[in-house]
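Listing of upload_7.txt, compact mmCIF, C-alpha atoms
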# COMPACT_ATOMS: atom_id res chain seq x y z
CA MET A 1 52.49 -102.46 -65.71
CA ARG A 2 50.38 -105.05 -67.51
CA GLU A 3 52.35 -107.71 -65.67
CA LEU A 4 50.99 -106.54 -62.30
CA TRP A 5 48.25 -109.20 -62.42
CA LEU A 6 50.99 -111.82 -62.20
CA LEU A 7 51.68 -110.70 -58.64
CA ARG A 8 48.29 -112.18 -57.72
CA LEU A 9 49.84 -115.59 -58.33
CA TYR A 10 52.24 -115.06 -55.42
CA PRO A 11 51.26 -116.08 -51.86
CA ARG A 12 49.39 -113.36 -49.96
CA GLU A 13 52.14 -113.02 -47.34
CA TRP A 14 54.71 -112.59 -50.08
CA ARG A 15 52.58 -109.92 -51.79
CA GLU A 16 52.12 -108.04 -48.53
CA ARG A 17 55.85 -107.93 -47.96
CA TYR A 18 57.32 -107.53 -51.43
CA GLY A 19 54.34 -106.61 -53.61
CA PRO A 20 54.72 -102.80 -53.46
CA GLU A 21 58.46 -103.02 -54.18
CA VAL A 22 58.01 -105.34 -57.14
CA ALA A 23 55.11 -103.24 -58.45
CA ALA A 24 57.35 -100.15 -58.30
CA MET A 25 60.03 -102.12 -60.14
CA LEU A 26 57.60 -103.27 -62.81
CA ALA A 27 56.58 -99.67 -63.42
CA ASP A 28 60.12 -99.06 -64.72
CA GLU A 29 60.56 -102.32 -66.64
CA LYS A 30 59.72 -102.71 -70.32
CA PRO A 31 56.99 -105.35 -70.82
CA SER A 32 58.35 -108.55 -72.34
CA LEU A 33 57.71 -112.29 -72.52
CA ARG A 34 60.92 -112.83 -70.57
CA LEU A 35 59.54 -110.71 -67.74
CA VAL A 36 56.27 -112.69 -67.69
CA VAL A 37 58.14 -116.01 -67.58
CA ASP A 38 60.42 -114.69 -64.83
CA LEU A 39 57.46 -113.60 -62.69
CA LEU A 40 55.65 -116.90 -63.29
CA ALA A 41 58.72 -118.89 -62.26
CA GLY A 42 59.09 -116.63 -59.23
CA ALA A 43 55.45 -117.23 -58.22
CA ILE A 44 55.88 -121.01 -58.49
CA ASP A 45 59.04 -120.81 -56.39
CA ALA A 46 57.37 -118.57 -53.79
CA ARG A 47 54.56 -121.13 -53.42
CA LEU A 48 56.80 -124.20 -53.37
CA ASN A 49 59.58 -122.74 -51.22
CA PRO A 50 58.12 -120.18 -48.82
CA GLN A 51 60.88 -118.47 -46.85
CA THR A 52 60.70 -117.41 -43.22
CA ILE A 53 61.70 -113.83 -42.55
CA THR A 54 63.08 -113.50 -39.02
CA ARG A 55 62.74 -109.74 -38.47
CA GLY A 56 59.55 -107.82 -39.14
CA ALA A 57 58.15 -111.13 -40.27
CA SER A 58 54.94 -111.57 -42.16
CA MET A 59 55.94 -114.57 -44.26
CA PRO A 60 54.50 -118.03 -43.55
CA THR A 61 56.51 -120.53 -41.53
CA PRO A 62 56.83 -123.76 -43.51
CA LEU A 63 55.68 -126.94 -41.79
CA PHE A 64 58.38 -128.86 -39.89
CA ARG A 65 60.87 -126.00 -40.13
CA CYS A 66 62.04 -125.54 -36.56
CA ALA A 67 65.53 -124.32 -37.36
CA PRO A 68 66.40 -120.63 -37.23
CA ALA A 69 66.38 -119.04 -40.63
CA ALA A 70 70.08 -118.16 -40.73
CA ALA A 71 71.16 -121.80 -40.30
CA THR A 72 72.18 -123.85 -43.33
CA ARG A 73 71.82 -127.63 -43.54
CA ALA A 74 75.49 -128.00 -42.68
CA ASP A 75 74.95 -125.83 -39.58
CA LEU A 76 72.00 -127.98 -38.50
CA ARG A 77 74.10 -131.11 -38.92
CA LYS A 78 76.86 -129.63 -36.73
CA SER A 79 74.32 -128.52 -34.14
CA ASN A 80 72.57 -131.90 -34.04
CA LEU A 81 75.87 -133.78 -33.77
CA THR A 82 76.93 -131.48 -30.93
CA ILE A 83 73.69 -132.11 -29.06
CA LEU A 84 73.95 -135.87 -29.57
CA GLY A 85 77.67 -136.12 -28.81
CA GLY A 86 77.45 -133.73 -25.86
CA THR A 87 74.55 -135.63 -24.32
CA LEU A 88 76.45 -138.92 -24.59
CA LEU A 89 79.61 -137.35 -23.14
CA PHE A 90 77.82 -135.70 -20.21
CA SER A 91 75.90 -138.92 -19.51
CA LEU A 92 79.12 -140.94 -19.44
CA LEU A 93 80.73 -138.36 -17.16
CA TYR A 94 77.73 -138.61 -14.83
CA ILE A 95 77.98 -142.41 -14.66
CA VAL A 96 81.71 -142.34 -13.97
CA ALA A 97 81.45 -139.47 -11.46
CA ARG A 98 78.61 -141.12 -9.53
CA HIS A 99 80.61 -144.30 -9.30
CA GLN A 100 83.75 -142.48 -8.14
CA PHE A 101 82.14 -140.00 -5.73
CA PRO A 102 78.96 -141.59 -4.32
CA ALA A 103 78.85 -139.11 -1.41
CA ALA A 104 78.46 -136.13 -3.72
CA ARG A 105 75.35 -137.59 -5.32
CA PRO A 106 72.88 -134.67 -5.00
CA TYR A 107 75.33 -132.33 -6.66
CA LEU A 108 76.44 -134.88 -9.22
CA ASP A 109 72.83 -135.38 -10.20
CA THR A 110 72.94 -131.87 -11.65
CA LEU A 111 75.35 -133.32 -14.20
CA ALA A 112 72.59 -135.67 -15.35
CA TYR A 113 70.20 -132.77 -15.75
CA THR A 114 72.75 -130.72 -17.69
CA SER A 115 73.60 -133.62 -19.99
CA PHE A 116 70.95 -132.54 -22.47
CA SER A 117 70.34 -128.88 -21.73
CA VAL A 118 73.96 -127.73 -21.95
CA PRO A 119 74.66 -129.50 -25.29
CA ILE A 120 71.52 -127.80 -26.64
CA VAL A 121 72.98 -124.44 -25.61
CA ILE A 122 76.34 -125.36 -27.20
CA GLY A 123 74.54 -126.52 -30.36
CA SER A 124 72.95 -123.09 -30.69
CA TYR A 125 76.40 -121.82 -31.77
CA TRP A 126 75.46 -122.81 -35.34
CA THR A 127 71.75 -121.98 -35.15
CA GLU A 128 70.07 -119.39 -32.90
CA LEU A 129 73.34 -117.60 -32.11
CA LYS A 130 74.60 -117.60 -35.69
CA PRO A 131 73.85 -113.93 -36.37
CA TYR A 132 76.39 -112.99 -33.64
CA PRO A 133 80.20 -112.90 -34.12
CA PRO A 134 82.02 -116.09 -32.93
CA ARG A 135 83.46 -114.51 -29.76
CA VAL A 136 80.05 -113.21 -28.68
CA ARG A 137 78.56 -116.65 -29.33
CA ILE A 138 81.17 -118.33 -27.12
CA VAL A 139 80.59 -115.81 -24.31
CA LEU A 140 76.81 -116.28 -24.55
CA ILE A 141 77.16 -120.09 -24.52
CA PHE A 142 79.35 -119.98 -21.39
CA ALA A 143 76.97 -117.52 -19.74
CA MET A 144 73.84 -119.53 -20.53
CA SER A 145 75.47 -122.84 -19.53
CA GLY A 146 76.72 -121.22 -16.32
CA VAL A 147 73.21 -120.03 -15.47
CA ILE A 148 71.78 -123.52 -16.07
CA VAL A 149 74.44 -125.21 -13.92
CA ALA A 150 74.11 -122.55 -11.19
CA ILE A 151 70.32 -123.00 -10.98
CA LEU A 152 70.65 -126.79 -10.81
CA LEU A 153 73.40 -126.62 -8.16
CA ALA A 154 71.30 -124.18 -6.14
CA ALA A 155 68.34 -126.56 -6.39
CA ALA A 156 70.55 -129.44 -5.22
CA ALA A 157 71.85 -127.35 -2.29
CA ILE A 158 68.32 -126.40 -1.24
CA ALA A 159 67.20 -130.02 -1.49
CA VAL A 160 70.15 -131.17 0.68
CA HIS A 161 69.44 -128.61 3.42
CA LEU A 162 65.68 -129.08 3.58
CA MET B 163 90.52 -129.57 -53.30
CA ALA B 164 87.10 -129.71 -51.65
CA ARG B 165 85.45 -126.33 -51.15
CA GLN B 166 84.08 -125.55 -47.70
CA GLN B 167 80.32 -125.24 -47.54
CA ASP B 168 78.99 -121.71 -47.20
CA GLU B 169 75.73 -119.87 -46.74
CA LEU B 170 74.80 -119.81 -50.42
CA ASP B 171 75.15 -123.56 -50.97
CA ASP B 172 71.48 -124.41 -50.61
CA PHE B 173 70.21 -121.51 -52.73
CA GLY B 174 69.92 -123.71 -55.83
CA ARG B 175 69.29 -121.67 -58.99
CA PHE B 176 69.22 -118.52 -56.82
CA ALA B 177 72.86 -118.90 -55.75
CA GLU B 178 74.23 -116.69 -58.54
CA PRO B 179 71.61 -113.92 -58.19
CA ALA B 180 72.13 -114.03 -54.41
CA LEU B 181 75.88 -113.65 -54.81
CA MET B 182 75.38 -110.72 -57.18
CA ILE B 183 73.00 -109.08 -54.69
CA LEU B 184 75.56 -109.44 -51.90
CA ILE B 185 78.21 -107.91 -54.17
CA SER B 186 75.83 -105.08 -55.07
CA LEU B 187 75.10 -104.32 -51.41
CA ALA B 188 78.78 -104.45 -50.44
CA ASP B 189 79.16 -100.72 -51.11
CA GLY B 190 75.97 -99.64 -49.35
CA PRO B 191 72.19 -100.19 -49.11
CA LYS B 192 70.14 -100.35 -52.32
CA HIS B 193 66.54 -101.04 -53.25
CA GLY B 194 65.57 -103.70 -55.78
CA TYR B 195 65.67 -101.57 -58.89
CA ALA B 196 69.02 -100.01 -57.98
CA MET B 197 70.38 -103.51 -57.35
CA THR B 198 69.19 -104.68 -60.77
CA ASP B 199 70.89 -101.74 -62.48
CA ASP B 200 74.08 -102.17 -60.47
CA ILE B 201 74.24 -105.92 -61.15
CA GLU B 202 73.73 -105.27 -64.86
CA GLN B 203 76.59 -102.78 -64.86
CA VAL B 204 78.89 -105.14 -62.96
CA SER B 205 78.09 -108.42 -64.71
CA GLY B 206 76.09 -107.59 -67.83
CA VAL B 207 73.19 -109.71 -66.55
CA ARG B 208 69.82 -108.14 -65.79
CA PHE B 209 67.73 -110.24 -63.40
CA GLY B 210 63.95 -110.07 -63.63
CA PRO B 211 61.93 -109.22 -60.50
CA GLY B 212 60.91 -112.87 -60.00
CA THR B 213 64.53 -114.01 -59.87
CA LEU B 214 65.72 -110.99 -57.91
CA TYR B 215 63.09 -111.32 -55.20
CA GLY B 216 63.45 -115.10 -55.09
CA ALA B 217 67.06 -114.45 -54.08
CA ILE B 218 66.19 -111.51 -51.79
CA THR B 219 63.67 -113.61 -49.81
CA ARG B 220 66.29 -116.33 -49.29
CA LEU B 221 69.00 -113.86 -48.31
CA GLU B 222 66.65 -112.07 -45.93
CA SER B 223 65.35 -115.28 -44.37
CA ARG B 224 68.90 -116.42 -43.64
CA GLY B 225 69.86 -113.08 -42.13
CA LEU B 226 72.40 -112.23 -44.85
CA ILE B 227 70.62 -109.00 -45.74
CA VAL B 228 68.12 -106.89 -43.86
CA ARG B 229 65.38 -104.63 -45.13
CA LEU B 230 65.56 -101.00 -44.04
CA GLN B 231 62.48 -98.93 -43.38
CA SER B 232 61.57 -96.37 -45.99
CA ASP B 233 58.74 -93.94 -46.69
CA ASP B 234 59.01 -94.93 -50.35
CA ARG B 235 57.42 -98.10 -51.78
CA ARG B 236 60.96 -99.20 -52.53
CA ASN B 237 62.61 -100.48 -49.37
CA PRO B 238 66.40 -100.52 -49.44
CA TYR B 239 68.32 -103.58 -48.25
CA ARG B 240 71.55 -103.66 -46.30
CA LEU B 241 74.25 -106.33 -45.98
CA THR B 242 74.45 -107.82 -42.45
CA ALA B 243 77.62 -109.03 -40.71
CA VAL B 244 76.61 -112.61 -41.56
CA GLY B 245 76.08 -111.56 -45.17
CA GLU B 246 79.49 -109.92 -45.31
CA ARG B 247 81.13 -113.07 -43.94
CA ALA B 248 79.25 -115.19 -46.49
CA LEU B 249 80.33 -112.89 -49.31
CA ARG B 250 83.97 -112.95 -48.22
CA ALA B 251 83.88 -116.76 -47.95
CA ARG B 252 82.33 -117.20 -51.40
CA LEU B 253 84.74 -114.72 -53.02
CA ALA B 254 87.72 -116.47 -51.42
CA ALA B 255 86.45 -119.80 -52.78
CA LEU B 256 85.98 -118.31 -56.25
CA GLN B 257 89.47 -116.79 -56.15
CA ALA B 258 90.95 -120.18 -55.25
CA VAL B 259 89.14 -121.82 -58.19
CA ALA B 260 90.23 -119.01 -60.54
CA ARG B 261 93.87 -119.41 -59.45
CA ILE B 262 93.78 -123.14 -60.18
CA ALA B 263 92.13 -122.56 -63.56
CA GLN B 264 94.70 -119.93 -64.53
CA ARG B 265 97.55 -122.20 -63.47
CA ARG B 266 96.16 -125.03 -65.59
CA LEU B 267 95.68 -122.74 -68.57
CA ALA B 268 99.24 -121.49 -68.19
CA ASN B 269 100.51 -125.08 -68.24
CA ALA B 270 98.31 -126.13 -71.18
Could you write out this file's structure as structure tokens?
Amino acid sequence: MRELWLLRLYPREWRERYGPEVAAMLADEKPSLRLVVDLLAGAIDARLNPQTITRGASMPTPLFRCAPAAATRADLRKSNLTILGGTLLFSLLYIVARHQFPAARPYLDTLAYTSFSVPIVIGSYWTELKPYPPRVRIVLIFAMSGVIVAILLAAAAIAVHL
Amino acid sequence: MARQQDELDDFGRFAEPALMILISLADGPKHGYAMTDDIEQVSGVRFGPGTLYGAITRLESRGLIVRLQSDDRRNPYRLTAVGERALRARLAALQAVARIAQRRLANA
């Protein structure tokens, strides 16, 4: 238990969340230099790499970390590429469609508005929706995209009839 | 043969402890001390609390494990569906590497 003072080196949020557990663990561990070094290294890591806990959170959110906690760097890359590629694709579709069907302009304009929002929803497959199974993610993406398109089409219809 | 990236790839020095924690939780929830004992029995390695909780915080923050409520000071942790998928993916990758290594040894 002499090593308990080492827990003071950890960030306050970390101590509040894990302190009692680690203290209980230390009560059963034999004191050793290895244990002290391990706790010191852990304290340095906890200060340099604070982690965000998504449920029942009390850990600090690191600066500039906007991504959901379950997403890896590879997931973020896929999500960002989807948003970028999707936006370009939807924008191109809008340009072509407006040229081909000028009469349908108010409704086609919804395509312009969805060109960014829908790819964001699709990109969430690898980020916000990651905790869900793949099939559920696909259903949620279709549902959310459908709601966005429906709202925009409804807005276009109201605007046309006013 | 390039290995596909998985959830544990950016864990750095905590990748091995994290994998051992996932393996330990595969047969049911455990608190930290029980995990340490179980990991020692399985692998012969006993992680200190600093290493163990460095891995637990990462696993929890990425949604691979979840902390269960307990009246005790020791909160048990449970593997999530994401954690189970990550464990299966990592084990499959390790099996593929082991197969290649054994084949090479057999041909040596």
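CA of Ser232 (chain B) is positioned 20.8 Å from CA of Arg220 (chain B).
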Task: Distance-based interface of chain B with chain A, 10 Å, counting all atoms listed in the file, as a VMD selection string - done: chain B and resid 167 to 173 193 to 196 198 209 to 226 228 to 229 234 to 238 242 to 245 247
TODO: Could you please give me, as a ChimeraX atom specification, the residues of protein, DNA or RNA lying at most 12 Å from (75.1, -127.9, -21.7) in the coordinate frame of the file, considering all atoms listed in the file?
DONE: /A:82-91,110-125,141-150,152
What are the centre and edge lengths in Å, to one decimal, of the axis-aligned box around all listed atoms of region 183-190 of chain B with 8 Å added on each side, as lines of an AutoDock Vina configuration file?
center_x = 76.1
center_y = -104.5
center_z = -52.2
size_x = 22.2
size_y = 25.8
size_z = 21.7
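Our summary of the geometry notes that CA of Gln231 (chain B) is positioned 20.6 Å from CA of Arg12 (chain A).
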TODO: Have a look at CA of Tyr239 (chain B) and CA of Met182 (chain B) and let me know their distance in Å, one decimal.
DONE: 13.4 Å
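With all atoms listed in the file taken into account, the protein and nucleic acid residues at most 9 Å from Glu246 (chain B) (excluding it and anything under 6 positions from it in its own chain) are B:Leu184, B:Ala188, B:Leu226, B:Ile227.
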TODO: Using all atoms listed in the file, determine which residues lie at most 7 Å from Tyr107 (chain A), disregarding the query and same-chain residues fewer than 3 positions distant; provide the list as a list of chain:residue names.
DONE: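 Once the nearby chain positions are removed, what remains is A:Ala104, A:Thr110, A:Leu153, A:Ala156.
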Output of the above residues as a PDB file, in the frame of the given file, restricted to C-alpha atoms:
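What follows is the written file part_32.pdb:
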ATOM      1  CA  ALA A 104      78.460-136.130  -3.720  1.00  0.00           C
ATOM      2  CA  THR A 110      72.940-131.870 -11.650  1.00  0.00           C
ATOM      3  CA  LEU A 153      73.400-126.620  -8.160  1.00  0.00           C
ATOM      4  CA  ALA A 156      70.550-129.440  -5.220  1.00  0.00           C
TER       5      ALA A 156
END
Would it be fine to have region 223-250 of chain B, with N, CA, C and O atoms, given as a short mmCIF file (atom, residue, chain, number, x, y, z; two decimals), in the first residue's frame?
data_model
loop_
_atom_site.label_atom_id
_atom_site.label_comp_id
_atom_site.auth_asym_id
_atom_site.auth_seq_id
_atom_site.Cartn_x
_atom_site.Cartn_y
_atom_site.Cartn_z
N SER B 223 -12.19 3.43 -23.88
CA SER B 223 -12.45 4.63 -24.67
C SER B 223 -12.83 4.29 -26.11
O SER B 223 -13.51 5.06 -26.78
N ARG B 224 -12.38 3.16 -26.59
CA ARG B 224 -12.73 2.75 -27.97
C ARG B 224 -13.94 1.85 -28.01
O ARG B 224 -14.30 1.31 -29.06
N GLY B 225 -14.57 1.64 -26.87
CA GLY B 225 -15.80 0.86 -26.83
C GLY B 225 -15.59 -0.64 -26.97
O GLY B 225 -16.52 -1.37 -27.28
N LEU B 226 -14.36 -1.11 -26.74
CA LEU B 226 -14.10 -2.56 -26.87
C LEU B 226 -14.48 -3.31 -25.59
O LEU B 226 -14.77 -4.50 -25.63
N ILE B 227 -14.41 -2.61 -24.47
CA ILE B 227 -14.89 -3.18 -23.20
C ILE B 227 -15.75 -2.13 -22.52
O ILE B 227 -15.67 -0.95 -22.86
N VAL B 228 -16.57 -2.58 -21.59
CA VAL B 228 -17.41 -1.64 -20.87
C VAL B 228 -17.36 -1.98 -19.38
O VAL B 228 -17.26 -3.15 -19.01
N ARG B 229 -17.38 -0.94 -18.57
CA ARG B 229 -17.31 -1.15 -17.13
C ARG B 229 -18.71 -1.41 -16.59
O ARG B 229 -19.65 -0.69 -16.90
N LEU B 230 -18.84 -2.43 -15.77
CA LEU B 230 -20.13 -2.76 -15.16
C LEU B 230 -20.19 -2.12 -13.77
O LEU B 230 -19.16 -1.96 -13.11
N GLN B 231 -21.39 -1.79 -13.35
CA GLN B 231 -21.55 -1.19 -12.03
C GLN B 231 -21.37 -2.26 -10.96
O GLN B 231 -21.73 -3.42 -11.16
N SER B 232 -20.81 -1.84 -9.84
CA SER B 232 -20.59 -2.79 -8.75
C SER B 232 -20.62 -2.04 -7.42
O SER B 232 -20.27 -0.87 -7.36
N ASP B 233 -21.06 -2.74 -6.38
CA ASP B 233 -21.05 -2.11 -5.05
C ASP B 233 -19.63 -2.12 -4.49
O ASP B 233 -19.30 -1.35 -3.60
N ASP B 234 -18.82 -3.03 -5.01
CA ASP B 234 -17.44 -3.18 -4.56
C ASP B 234 -16.60 -2.04 -5.17
O ASP B 234 -17.01 -1.39 -6.13
N ARG B 235 -15.39 -1.82 -4.59
CA ARG B 235 -14.47 -0.86 -5.21
C ARG B 235 -13.97 -1.36 -6.55
O ARG B 235 -13.53 -0.60 -7.39
N ARG B 236 -14.02 -2.70 -6.69
CA ARG B 236 -13.50 -3.30 -7.92
C ARG B 236 -14.63 -3.46 -8.94
O ARG B 236 -15.48 -4.34 -8.78
N ASN B 237 -14.60 -2.63 -9.96
CA ASN B 237 -15.64 -2.73 -10.99
C ASN B 237 -15.25 -3.78 -12.03
O ASN B 237 -14.15 -3.71 -12.56
N PRO B 238 -16.15 -4.71 -12.32
CA PRO B 238 -15.83 -5.66 -13.39
C PRO B 238 -15.97 -5.01 -14.77
O PRO B 238 -16.68 -4.02 -14.92
N TYR B 239 -15.31 -5.59 -15.75
CA TYR B 239 -15.39 -5.13 -17.13
C TYR B 239 -15.91 -6.26 -18.00
O TYR B 239 -15.65 -7.42 -17.73
N ARG B 240 -16.64 -5.87 -19.04
CA ARG B 240 -17.23 -6.86 -19.94
C ARG B 240 -16.82 -6.53 -21.37
O ARG B 240 -16.70 -5.36 -21.74
N LEU B 241 -16.62 -7.60 -22.16
CA LEU B 241 -16.30 -7.44 -23.58
C LEU B 241 -17.56 -6.95 -24.32
O LEU B 241 -18.64 -7.46 -24.08
N THR B 242 -17.42 -5.97 -25.21
CA THR B 242 -18.57 -5.52 -26.02
C THR B 242 -18.55 -6.27 -27.36
O THR B 242 -17.60 -7.00 -27.65
N ALA B 243 -19.59 -6.04 -28.15
CA ALA B 243 -19.64 -6.69 -29.48
C ALA B 243 -18.47 -6.21 -30.33
O ALA B 243 -17.86 -6.99 -31.07
N VAL B 244 -18.14 -4.93 -30.22
CA VAL B 244 -17.00 -4.38 -30.98
C VAL B 244 -15.71 -5.05 -30.51
O VAL B 244 -14.84 -5.40 -31.30
N GLY B 245 -15.60 -5.22 -29.18
CA GLY B 245 -14.42 -5.87 -28.62
C GLY B 245 -14.28 -7.30 -29.08
O GLY B 245 -13.18 -7.78 -29.38
N GLU B 246 -15.42 -7.99 -29.15
CA GLU B 246 -15.38 -9.39 -29.59
C GLU B 246 -14.93 -9.47 -31.05
O GLU B 246 -14.12 -10.32 -31.41
N ARG B 247 -15.44 -8.54 -31.87
CA ARG B 247 -15.03 -8.52 -33.29
C ARG B 247 -13.53 -8.24 -33.40
O ARG B 247 -12.82 -8.87 -34.18
N ALA B 248 -13.06 -7.29 -32.58
CA ALA B 248 -11.63 -6.93 -32.63
C ALA B 248 -10.78 -8.12 -32.20
O ALA B 248 -9.74 -8.39 -32.80
N LEU B 249 -11.23 -8.84 -31.18
CA LEU B 249 -10.48 -10.00 -30.70
C LEU B 249 -10.44 -11.09 -31.78
O LEU B 249 -9.39 -11.66 -32.05
N ARG B 250 -11.60 -11.35 -32.39
CA ARG B 250 -11.63 -12.38 -33.45
C ARG B 250 -10.70 -11.99 -34.60
O ARG B 250 -9.98 -12.82 -35.14
#
